Amino acid sequence: MKFQLEGLTVFFPYEYIYPEQYQYMVELKHALDAKGHCLLEMPTGTGKTITLLSLITSYQLAHPEVGKLIYCTRTVPEMEKVLVELQELMDYRSKYFPDGKEPKILAVGLSSRKNLCVHPTVAEEGSRESTDAKCMRLTAPWVRERAAQDPGSEETCEWYEGLDI
């Protein structure tokens, strides 16, 4: 649904909005308007994520000067859920922007080496600390420099070396 909230056009990807979600949006909008901080709480399963994403991305459309939204989660599954919901919101919102004129959103899910590393021996490490240490032993600038000067003298990470940035 597309609706007005105190003069702001809000894109919400569902046909129904709970009263709690609407109130959450009102309070969040007030905090954004005041350029202040906001602490909001809603029970589990009440649609906090999509409510926040809908309001913030709609606010960014109307007020590009507000800048970026940084959304932090505690777990990888929570992060994945946020990215899925954001994609659903963007798919819904695109209906209202003909000819591909929809403003783009950059969304990146960042996680730790422990969750993302593909190097077989690093990925087998048990803790985050040991994963980080093993990764550093393979990718540190001084290790890479020694390996370049004397091939075979140092083990490096083939995936890191193959990364084209």
# chains A, B, ... in the order shown; residues from 1 in each chain; ligands from 1
call {"tool": "residues_around", "arguments": {"residues": "region 149-163 of chain A", "least_positions_apart": "4", "cutoff": "7 Å", "atoms": "only C-alpha atoms", "output": "PyMOL selection string"}}
result
chain A and resi 138-139+143-145
call {"tool": "write_last_selection", "arguments": {"atoms": "N, CA, C and O atoms", "output": "compact mmCIF listing (two decimals), in the first residue's frame"}}
result
# COMPACT_ATOMS: atom_id res chain seq x y z
N LEU A 138 47.77 -15.45 6.40
CA LEU A 138 47.76 -15.68 4.95
C LEU A 138 47.66 -14.40 4.13
O LEU A 138 47.99 -14.41 2.93
N THR A 139 47.17 -13.32 4.72
CA THR A 139 46.88 -12.12 3.93
C THR A 139 47.60 -10.86 4.39
O THR A 139 47.45 -9.81 3.76
N VAL A 143 53.46 -10.73 4.74
CA VAL A 143 53.45 -12.12 4.27
C VAL A 143 53.36 -12.14 2.75
O VAL A 143 54.10 -12.86 2.06
N ARG A 144 52.47 -11.33 2.22
CA ARG A 144 52.28 -11.27 0.77
C ARG A 144 53.53 -10.73 0.07
O ARG A 144 53.89 -11.20 -1.01
N GLU A 145 54.18 -9.77 0.70
CA GLU A 145 55.41 -9.21 0.14
C GLU A 145 56.53 -10.26 0.09
O GLU A 145 57.21 -10.42 -0.93
call {"tool": "select_by_dssp", "arguments": {"residues": "region 6-117 of chain A", "states": "alpha helix (DSSP H)", "output": "ChimeraX atom specification"}}
result
/A:19-33,48-62,76-93,113-116
call {"tool": "closest_residue", "arguments": {"among": "A:Ala62, A:Val122, A:Met42, A:Ile50", "to": "Ile17 (chain A)", "atoms": "only C-alpha atoms"}}
result
A:Ile50
call {"tool": "closest_residue", "arguments": {"among": "A:Ser58, A:Arg113, A:Phe11, A:Tyr24", "to": "Glu41 (chain A)", "atoms": "only C-alpha atoms"}}
result
A:Tyr24
call {"tool": "residues_around", "arguments": {"residues": "His37 (chain A)", "least_positions_apart": "5", "cutoff": "12 Å", "atoms": "only C-alpha atoms", "output": "list in words"}}
result
Glu27, Leu28, Lys29, His30, Ala31 and Leu32 of chain A
call {"tool": "write_last_selection", "arguments": {"atoms": "N, CA, C and O atoms", "output": "mmCIF file, in the first residue's frame"}}
result
data_model
loop_
_atom_site.group_PDB
_atom_site.id
_atom_site.type_symbol
_atom_site.label_atom_id
_atom_site.label_comp_id
_atom_site.auth_asym_id
_atom_site.auth_seq_id
_atom_site.Cartn_x
_atom_site.Cartn_y
_atom_site.Cartn_z
ATOM 1 N N GLU A 27 6.157 7.728 15.229
ATOM 2 C CA GLU A 27 7.210 8.088 16.193
ATOM 3 C C GLU A 27 8.578 8.154 15.522
ATOM 4 O O GLU A 27 9.385 9.043 15.829
ATOM 5 N N LEU A 28 8.852 7.240 14.624
ATOM 6 C CA LEU A 28 10.115 7.254 13.909
ATOM 7 C C LEU A 28 10.230 8.502 13.036
ATOM 8 O O LEU A 28 11.280 9.150 12.992
ATOM 9 N N LYS A 29 9.151 8.872 12.370
ATOM 10 C CA LYS A 29 9.158 10.077 11.544
ATOM 11 C C LYS A 29 9.394 11.317 12.398
ATOM 12 O O LYS A 29 10.156 12.211 12.024
ATOM 13 N N HIS A 30 8.784 11.379 13.562
ATOM 14 C CA HIS A 30 8.996 12.526 14.457
ATOM 15 C C HIS A 30 10.472 12.642 14.836
ATOM 16 O O HIS A 30 11.029 13.752 14.883
ATOM 17 N N ALA A 31 11.103 11.519 15.123
ATOM 18 C CA ALA A 31 12.521 11.536 15.485
ATOM 19 C C ALA A 31 13.374 11.999 14.300
ATOM 20 O O ALA A 31 14.310 12.785 14.473
ATOM 21 N N LEU A 32 13.044 11.525 13.105
ATOM 22 C CA LEU A 32 13.799 11.953 11.922
ATOM 23 C C LEU A 32 13.595 13.442 11.646
ATOM 24 O O LEU A 32 14.551 14.152 11.333
#
call {"tool": "residues_around", "arguments": {"residues": "Val66 (chain A)", "least_positions_apart": "5", "cutoff": "10 Å", "atoms": "only C-alpha atoms", "output": "VMD selection string"}}
result
chain A and resid 32 to 33 35 56 59 to 61
call {"tool": "atom_distance", "arguments": {"atom1": "CA of Phe3 (chain A)", "atom2": "CA of Leu53 (chain A)"}}
result
14.9 Å
call {"tool": "residues_around", "arguments": {"residues": "Lys104 (chain A)", "least_positions_apart": "2", "cutoff": "12 Å", "atoms": "only C-alpha atoms", "output": "ChimeraX atom specification"}}
result
/A:57,60-61,64,86-87,90-91,93-94,97,100-102,106-107
call {"tool": "write_last_selection", "arguments": {"atoms": "N, CA and C atoms", "output": "short mmCIF file (atom, residue, chain, number, x, y, z; two decimals), in the first residue's frame"}}
result
data_model
loop_
_atom_site.label_atom_id
_atom_site.label_comp_id
_atom_site.auth_asym_id
_atom_site.auth_seq_id
_atom_site.Cartn_x
_atom_site.Cartn_y
_atom_site.Cartn_z
N THR A 57 13.19 4.28 4.08
CA THR A 57 13.45 4.43 2.65
C THR A 57 12.51 5.45 2.02
N GLN A 60 13.95 8.79 3.02
CA GLN A 60 15.13 9.09 2.22
C GLN A 60 14.76 9.57 0.82
N LEU A 61 13.68 9.04 0.26
CA LEU A 61 13.21 9.51 -1.04
C LEU A 61 12.81 10.99 -0.98
N PRO A 64 16.62 13.39 0.59
CA PRO A 64 17.90 12.73 0.28
C PRO A 64 19.05 13.19 1.17
N LEU A 86 14.05 -6.06 2.50
CA LEU A 86 14.38 -4.85 1.73
C LEU A 86 14.17 -5.10 0.24
N GLN A 87 14.54 -6.28 -0.24
CA GLN A 87 14.33 -6.59 -1.66
C GLN A 87 12.84 -6.62 -2.00
N MET A 90 11.70 -3.08 -2.22
CA MET A 90 12.16 -2.44 -3.46
C MET A 90 11.36 -2.94 -4.66
N ASP A 91 11.04 -4.23 -4.69
CA ASP A 91 10.22 -4.77 -5.77
C ASP A 91 8.85 -4.12 -5.77
N ARG A 93 8.03 -1.16 -4.42
CA ARG A 93 8.17 0.27 -4.70
C ARG A 93 8.39 0.55 -6.18
N SER A 94 9.04 -0.38 -6.88
CA SER A 94 9.35 -0.17 -8.30
C SER A 94 8.09 0.00 -9.16
N PHE A 97 7.40 3.66 -9.99
CA PHE A 97 8.38 4.43 -10.73
C PHE A 97 8.48 3.87 -12.14
N GLY A 100 11.82 2.51 -15.09
CA GLY A 100 13.06 2.29 -14.34
C GLY A 100 13.64 3.52 -13.69
N LYS A 101 12.83 4.52 -13.41
CA LYS A 101 13.32 5.77 -12.82
C LYS A 101 13.40 5.72 -11.29
N GLU A 102 13.20 4.54 -10.74
CA GLU A 102 13.24 4.40 -9.28
C GLU A 102 14.63 4.69 -8.75
N LEU A 106 21.55 0.99 -2.28
CA LEU A 106 22.67 0.08 -2.11
C LEU A 106 22.52 -0.58 -0.75
N ALA A 107 22.43 -1.88 -0.75
CA ALA A 107 22.32 -2.63 0.51
C ALA A 107 23.40 -3.70 0.51
#
